[in-house]
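What follows is a set of notes on a single structure, which appears directly below.
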Amino acid sequence: MTVAKVLTIAGSDSGGGAGIQADLKTFQELKAYGMSVLTAVTAQNTLDVHGVYPLTVSQVEEQLDAIGADLKPDALKTGMLFSAEIIEAVASKVKQYEINNVVIDPVMIAKGGAKLLQDEAIEAVKEHLIPLATVITPNIPEAEAITGLTLNTIADRKEAAKHLHELGAQCVVIKGGHGEEKEVIDIIYDGETFTQLLNERQYTENTHGTGCTFAAAIAADLAKGMSFLDAIRVARAYIQAAIEDDLHIGSGHGPTNHWAYQNRRVKV
Ligand SMILES: Nc1ncnc2c1ncn2[C@@H]1O[C@H](COP(=O)(O)OP(=O)(O)O)[C@@H](O)[C@H]1O
Ligand SMILES: Cc1ncc(COP(=O)(O)O)c(N)n1
């Protein structure tokens, strides 16, 4: 049996809803073998981030060397990278170990408002990270921070997608969770064609880790050899189920339901 292997490089969320924990749950549910490189520990629950503790650059590099020396990931997802130094180290190791199928989720701010990326690291995202991206998945505020554009309309978001493609990403997904539309609109741009995925907006507090989960699902299916458009469509179905069948855990922004997608498939 050949198993698809997928690596997440991200921060730990002690509350289990976002970060490394969300990624590994997603990989497992989508039947890919998950590996992780930790960049930071956060003390976090559904209400707040109590503390952010980055690892040193050499600690991050050593984890990547351990994986590179033995386990060859078929795909990679990055989440919280915290600093320019960690971004540069990650980019250099991804090139050294020739890891393909790279999904970049340019995590900047937690839903509770805490900073997960230093302001001065945005230039490093542009210079070192985006050129490696098979798929980049910014939400609206992240796309604004990277491009410097203000994104009010769908046309603005398409313009931002073009900018991100010019910076070197093969495929751009501008996620619409933070938009005002009745339906959530995710815009996909592959350098030639725009595709819009429309889904019913759920009015729930339980959206902690939606971005992490969505990007992790894309990476899991890229690892299995799916095209990026197919992987994005499956990821969209996965996150929609996870938001709709919410679990009501914690008293703030609760996590999504990582079992929902497979539970529904079993019932069909
Ligand atoms: N309220 C919602 N209802 C349905 N889908 C949502 C909702 N919020 C986010 N999503 C979906 O979850 C994914 C993550 O979106 P978003 O919330 O914009 O990212 P982030 O978690 O990075 O802020 C996207 O595919 C988006 O369409
Ligand atoms: C370690 C870590 N990584 C990413 C997020 C973003 O998730 P969200 O935007 O849903 O808070 C988070 N809160 N914590």
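Ordering of the structure tokens sets the chain letters (A, B, ...), residue numbers begin anew at 1 in every chain, and ligands are numbered from 1 in the order given.
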Find the nearest atom pair between each residue of chain A and ligand 1 for residues within 9 Å, count only C-alpha atoms and all ligand atoms, give distances in Å to one decimal, sort rows by chain and ascending number, and present the table as a Markdown table.
```
| residue | atom | partner | partner_atom_place_in_ligand_line | distance |
| --- | --- | --- | --- | --- |
| A:Ala18 | CA | ligand 1 | 21 (O) | 8.9 |
| A:Asp105 | CA | ligand 1 | 22 (O) | 7.4 |
| A:Pro106 | CA | ligand 1 | 22 (O) | 8.2 |
| A:Val107 | CA | ligand 1 | 22 (O) | 6.8 |
| A:Met108 | CA | ligand 1 | 22 (O) | 8.7 |
| A:Ile109 | CA | ligand 1 | 23 (O) | 8.4 |
| A:Ala110 | CA | ligand 1 | 23 (O) | 8.0 |
| A:Lys111 | CA | ligand 1 | 23 (O) | 7.0 |
| A:Thr137 | CA | ligand 1 | 22 (O) | 7.6 |
| A:Pro138 | CA | ligand 1 | 22 (O) | 6.3 |
| A:Asn139 | CA | ligand 1 | 18 (O) | 4.5 |
| A:Ile140 | CA | ligand 1 | 18 (O) | 6.6 |
| A:Pro141 | CA | ligand 1 | 23 (O) | 8.1 |
| A:Glu142 | CA | ligand 1 | 22 (O) | 8.1 |
| A:Val173 | CA | ligand 1 | 25 (O) | 8.7 |
| A:Ile174 | CA | ligand 1 | 18 (O) | 7.7 |
| A:Lys175 | CA | ligand 1 | 18 (O) | 4.4 |
| A:Gly176 | CA | ligand 1 | 18 (O) | 4.6 |
| A:Gly177 | CA | ligand 1 | 18 (O) | 3.2 |
| A:His178 | CA | ligand 1 | 18 (O) | 5.0 |
| A:Gly179 | CA | ligand 1 | 18 (O) | 7.6 |
| A:Glu183 | CA | ligand 1 | 4 (C) | 7.6 |
| A:Val184 | CA | ligand 1 | 27 (O) | 5.2 |
| A:Ile185 | CA | ligand 1 | 27 (O) | 6.1 |
| A:Asp186 | CA | ligand 1 | 27 (O) | 5.4 |
| A:Leu197 | CA | ligand 1 | 27 (O) | 8.0 |
| A:Leu198 | CA | ligand 1 | 27 (O) | 7.8 |
| A:Asn199 | CA | ligand 1 | 4 (C) | 6.3 |
| A:Glu200 | CA | ligand 1 | 4 (C) | 5.8 |
| A:Arg201 | CA | ligand 1 | 3 (N) | 3.6 |
| A:Gln202 | CA | ligand 1 | 3 (N) | 3.8 |
| A:Tyr203 | CA | ligand 1 | 1 (N) | 5.5 |
| A:Thr204 | CA | ligand 1 | 1 (N) | 6.4 |
| A:Glu205 | CA | ligand 1 | 1 (N) | 8.3 |
| A:Asn206 | CA | ligand 1 | 1 (N) | 8.5 |
| A:Thr207 | CA | ligand 1 | 8 (N) | 6.3 |
| A:His208 | CA | ligand 1 | 21 (O) | 6.9 |
| A:Gly209 | CA | ligand 1 | 21 (O) | 5.6 |
| A:Thr210 | CA | ligand 1 | 21 (O) | 4.3 |
| A:Gly211 | CA | ligand 1 | 21 (O) | 3.3 |
| A:Cys212 | CA | ligand 1 | 21 (O) | 6.5 |
| A:Thr213 | CA | ligand 1 | 14 (C) | 7.7 |
| A:Phe214 | CA | ligand 1 | 13 (C) | 5.6 |
| A:Ala215 | CA | ligand 1 | 14 (C) | 8.3 |
| A:Ile232 | CA | ligand 1 | 25 (O) | 8.7 |
| A:Ala235 | CA | ligand 1 | 25 (O) | 7.6 |
| A:Arg236 | CA | ligand 1 | 25 (O) | 5.4 |
| A:Ala237 | CA | ligand 1 | 25 (O) | 8.7 |
| A:Ile239 | CA | ligand 1 | 12 (O) | 5.8 |
| A:Gln240 | CA | ligand 1 | 5 (N) | 5.5 |
| A:Ala241 | CA | ligand 1 | 4 (C) | 8.9 |
| A:Ile243 | CA | ligand 1 | 4 (C) | 6.5 |
| A:Glu244 | CA | ligand 1 | 4 (C) | 7.6 |
```
For the residues in that selection, give me C-alpha atoms as an mmCIF file, in the first residue's frame.
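Writing done, so here's result_6.cif:
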```
data_model
loop_
_atom_site.group_PDB
_atom_site.id
_atom_site.type_symbol
_atom_site.label_atom_id
_atom_site.label_comp_id
_atom_site.auth_asym_id
_atom_site.auth_seq_id
_atom_site.Cartn_x
_atom_site.Cartn_y
_atom_site.Cartn_z
ATOM 1 C CA ALA A 18 -6.193 25.445 14.905
ATOM 2 C CA ASP A 105 -1.500 29.602 4.544
ATOM 3 C CA PRO A 106 -0.044 33.036 5.411
ATOM 4 C CA VAL A 107 -1.351 33.069 9.002
ATOM 5 C CA MET A 108 -1.032 36.526 10.579
ATOM 6 C CA ILE A 109 -3.636 37.096 13.284
ATOM 7 C CA ALA A 110 -5.694 34.644 15.388
ATOM 8 C CA LYS A 111 -9.506 35.028 15.368
ATOM 9 C CA THR A 137 -4.653 30.595 0.748
ATOM 10 C CA PRO A 138 -4.885 34.088 2.312
ATOM 11 C CA ASN A 139 -8.066 35.316 3.971
ATOM 12 C CA ILE A 140 -9.157 38.858 3.052
ATOM 13 C CA PRO A 141 -7.132 40.752 5.723
ATOM 14 C CA GLU A 142 -4.027 38.682 4.906
ATOM 15 C CA VAL A 173 -7.245 31.161 -3.262
ATOM 16 C CA ILE A 174 -8.617 34.329 -1.641
ATOM 17 C CA LYS A 175 -10.906 32.923 1.068
ATOM 18 C CA GLY A 176 -14.177 34.701 1.670
ATOM 19 C CA GLY A 177 -14.930 33.905 5.317
ATOM 20 C CA HIS A 178 -14.291 37.543 6.299
ATOM 21 C CA GLY A 179 -16.461 38.940 3.459
ATOM 22 C CA GLU A 183 -22.761 33.230 0.528
ATOM 23 C CA VAL A 184 -19.082 32.699 1.300
ATOM 24 C CA ILE A 185 -17.135 33.231 -1.919
ATOM 25 C CA ASP A 186 -13.666 31.718 -2.286
ATOM 26 C CA LEU A 197 -16.659 28.566 -5.112
ATOM 27 C CA LEU A 198 -19.897 29.674 -3.453
ATOM 28 C CA ASN A 199 -21.144 28.079 -0.246
ATOM 29 C CA GLU A 200 -23.883 28.868 2.212
ATOM 30 C CA ARG A 201 -22.521 31.090 5.001
ATOM 31 C CA GLN A 202 -22.948 29.522 8.440
ATOM 32 C CA TYR A 203 -23.795 31.927 11.245
ATOM 33 C CA THR A 204 -21.784 30.266 14.006
ATOM 34 C CA GLU A 205 -19.075 31.219 16.492
ATOM 35 C CA ASN A 206 -17.378 27.891 15.856
ATOM 36 C CA THR A 207 -14.899 28.826 13.138
ATOM 37 C CA HIS A 208 -11.654 28.515 15.072
ATOM 38 C CA GLY A 209 -9.056 26.976 12.762
ATOM 39 C CA THR A 210 -11.098 27.094 9.530
ATOM 40 C CA GLY A 211 -8.174 28.471 7.530
ATOM 41 C CA CYS A 212 -5.703 25.913 8.915
ATOM 42 C CA THR A 213 -8.101 23.062 8.235
ATOM 43 C CA PHE A 214 -8.872 24.205 4.676
ATOM 44 C CA ALA A 215 -5.177 24.535 3.742
ATOM 45 C CA ILE A 232 -9.387 22.796 -3.402
ATOM 46 C CA ALA A 235 -11.068 20.915 0.882
ATOM 47 C CA ARG A 236 -14.059 23.247 0.458
ATOM 48 C CA ALA A 237 -16.495 20.361 1.018
ATOM 49 C CA ILE A 239 -14.469 22.647 5.721
ATOM 50 C CA GLN A 240 -18.145 23.255 4.918
ATOM 51 C CA ALA A 241 -19.118 19.991 6.658
ATOM 52 C CA ILE A 243 -18.403 24.216 10.076
ATOM 53 C CA GLU A 244 -22.006 23.042 9.563
#
```
* To do: Please run DSSP on the backbone and report, as a PyMOL selection string, all residues within range 151-203 of chain A that come out as helix (DSSP H, G or I).
  => chain A and resi 154-166
With N, CA and C atoms retained, could you export that selection as an mmCIF file, in the first residue's frame?
```cif
data_model
loop_
_atom_site.group_PDB
_atom_site.id
_atom_site.type_symbol
_atom_site.label_atom_id
_atom_site.label_comp_id
_atom_site.auth_asym_id
_atom_site.auth_seq_id
_atom_site.Cartn_x
_atom_site.Cartn_y
_atom_site.Cartn_z
ATOM 1 N N ILE A 154 -15.581 42.023 -5.079
ATOM 2 C CA ILE A 154 -15.028 40.800 -5.694
ATOM 3 C C ILE A 154 -13.938 41.188 -6.704
ATOM 4 N N ALA A 155 -14.164 42.302 -7.423
ATOM 5 C CA ALA A 155 -13.160 42.755 -8.400
ATOM 6 C C ALA A 155 -11.839 43.077 -7.691
ATOM 7 N N ASP A 156 -11.925 43.691 -6.496
ATOM 8 C CA ASP A 156 -10.696 43.985 -5.721
ATOM 9 C C ASP A 156 -9.967 42.686 -5.375
ATOM 10 N N ARG A 157 -10.759 41.666 -5.000
ATOM 11 C CA ARG A 157 -10.134 40.397 -4.590
ATOM 12 C C ARG A 157 -9.456 39.721 -5.775
ATOM 13 N N LYS A 158 -10.073 39.887 -6.957
ATOM 14 C CA LYS A 158 -9.452 39.303 -8.159
ATOM 15 C C LYS A 158 -8.130 40.006 -8.465
ATOM 16 N N GLU A 159 -8.113 41.331 -8.258
ATOM 17 C CA GLU A 159 -6.889 42.107 -8.474
ATOM 18 C C GLU A 159 -5.792 41.611 -7.514
ATOM 19 N N ALA A 160 -6.166 41.399 -6.263
ATOM 20 C CA ALA A 160 -5.199 40.909 -5.267
ATOM 21 C C ALA A 160 -4.682 39.530 -5.670
ATOM 22 N N ALA A 161 -5.569 38.686 -6.192
ATOM 23 C CA ALA A 161 -5.151 37.344 -6.622
ATOM 24 C C ALA A 161 -4.099 37.453 -7.726
ATOM 25 N N LYS A 162 -4.306 38.414 -8.639
ATOM 26 C CA LYS A 162 -3.318 38.608 -9.717
ATOM 27 C C LYS A 162 -1.960 39.018 -9.144
ATOM 28 N N HIS A 163 -1.986 39.935 -8.160
ATOM 29 C CA HIS A 163 -0.728 40.373 -7.512
ATOM 30 C C HIS A 163 0.009 39.180 -6.913
ATOM 31 N N LEU A 164 -0.754 38.334 -6.191
ATOM 32 C CA LEU A 164 -0.121 37.196 -5.507
ATOM 33 C C LEU A 164 0.427 36.196 -6.521
ATOM 34 N N HIS A 165 -0.261 36.070 -7.633
ATOM 35 C CA HIS A 165 0.243 35.190 -8.696
ATOM 36 C C HIS A 165 1.538 35.770 -9.264
ATOM 37 N N GLU A 166 1.566 37.086 -9.452
ATOM 38 C CA GLU A 166 2.790 37.725 -9.964
ATOM 39 C C GLU A 166 3.962 37.565 -8.998
#
```
* To do: Would you list the residues that come within 10 Å of ligand 2? Count only C-alpha atoms and all ligand atoms and give the answer as a VMD selection string.
  => chain A and resid 10 to 23 38 to 49 52 78 to 82 105 to 117 139 206 to 213 253 to 256
* Selected residue, from A:Ile67, A:Val103, A:Val3, A:Ile130, that lies nearest to Glu88 in chain A when counting only C-alpha atoms -> A:Ile130
* Selected residue of minimal separation from Phe228 in chain A among A:Asn100, A:Gln63, A:Thr134, A:Ser83, counting only C-alpha atoms -> A:Thr134
So which residues touch Leu132 in chain A within 7 Å, counting only C-alpha atoms, skipping near sequence neighbours fewer than 3 positions away, as a PDB file with N, CA and C atoms, in the first residue's frame?
```pdb
ATOM      1  N   VAL A 102       3.438  22.611  -2.350  1.00  0.00           N
ATOM      2  CA  VAL A 102       3.545  23.460  -1.154  1.00  0.00           C
ATOM      3  C   VAL A 102       2.299  24.352  -1.022  1.00  0.00           C
ATOM      4  N   LEU A 129       8.617  33.045   0.655  1.00  0.00           N
ATOM      5  CA  LEU A 129       7.600  31.994   0.813  1.00  0.00           C
ATOM      6  C   LEU A 129       6.709  31.872  -0.424  1.00  0.00           C
ATOM      7  N   ALA A 169       3.136  32.690  -6.750  1.00  0.00           N
ATOM      8  CA  ALA A 169       2.283  31.541  -6.393  1.00  0.00           C
ATOM      9  C   ALA A 169       1.651  30.980  -7.667  1.00  0.00           C
TER      10      ALA A 169
END
```
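The gap separating CA of Phe194 in chain A from CA of Ala121 in chain A is 28.7 Å, in Å to one decimal.
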* Asked: A:Gln28, A:Gly51, A:Trp259, A:Leu7: which is nearest Gly68 in chain A, counting only C-alpha atoms?
  -> A:Leu7
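Minimum distance to Thr153 in chain A across A:Leu76, A:Cys171, A:Ala133, A:Ile187 (counting only C-alpha atoms) occurs at A:Ile187.
Shortest atom-to-atom contact with Lys95 in chain A among A:Ile122, A:Met1, A:Glu29, A:Pro131: A:Pro131, counting only C-alpha atoms.
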* Asked: Can you tell me, as a list in words, what residues are no more than 8 Å from Ala84 in chain A when counting only C-alpha atoms, ignoring any on the same chain fewer than 5 positions away?
  -> Gln118, Glu120, Ala121, Ile122, Glu123, Ala124 and Val125 of chain A
Write the selection just made, keeping N, CA and C atoms, as a PDB file, in the first residue's frame?
```pdb
ATOM      1  N   GLN A 118       5.045  38.462  13.003  1.00  0.00           N
ATOM      2  CA  GLN A 118       5.535  39.808  13.276  1.00  0.00           C
ATOM      3  C   GLN A 118       5.343  40.685  12.038  1.00  0.00           C
ATOM      4  N   GLU A 120       7.105  42.915  10.639  1.00  0.00           N
ATOM      5  CA  GLU A 120       8.271  43.047   9.747  1.00  0.00           C
ATOM      6  C   GLU A 120       8.534  41.769   8.948  1.00  0.00           C
ATOM      7  N   ALA A 121       7.781  40.701   9.218  1.00  0.00           N
ATOM      8  CA  ALA A 121       8.003  39.431   8.491  1.00  0.00           C
ATOM      9  C   ALA A 121       7.228  39.378   7.170  1.00  0.00           C
ATOM     10  N   ILE A 122       6.364  40.361   6.920  1.00  0.00           N
ATOM     11  CA  ILE A 122       5.550  40.301   5.692  1.00  0.00           C
ATOM     12  C   ILE A 122       6.435  40.343   4.439  1.00  0.00           C
ATOM     13  N   GLU A 123       7.519  41.108   4.505  1.00  0.00           N
ATOM     14  CA  GLU A 123       8.431  41.154   3.350  1.00  0.00           C
ATOM     15  C   GLU A 123       9.038  39.781   3.076  1.00  0.00           C
ATOM     16  N   ALA A 124       9.351  39.060   4.151  1.00  0.00           N
ATOM     17  CA  ALA A 124       9.918  37.704   3.985  1.00  0.00           C
ATOM     18  C   ALA A 124       8.894  36.748   3.392  1.00  0.00           C
ATOM     19  N   VAL A 125       7.624  36.937   3.754  1.00  0.00           N
ATOM     20  CA  VAL A 125       6.562  36.118   3.146  1.00  0.00           C
ATOM     21  C   VAL A 125       6.589  36.323   1.636  1.00  0.00           C
TER      22      VAL A 125
END
```
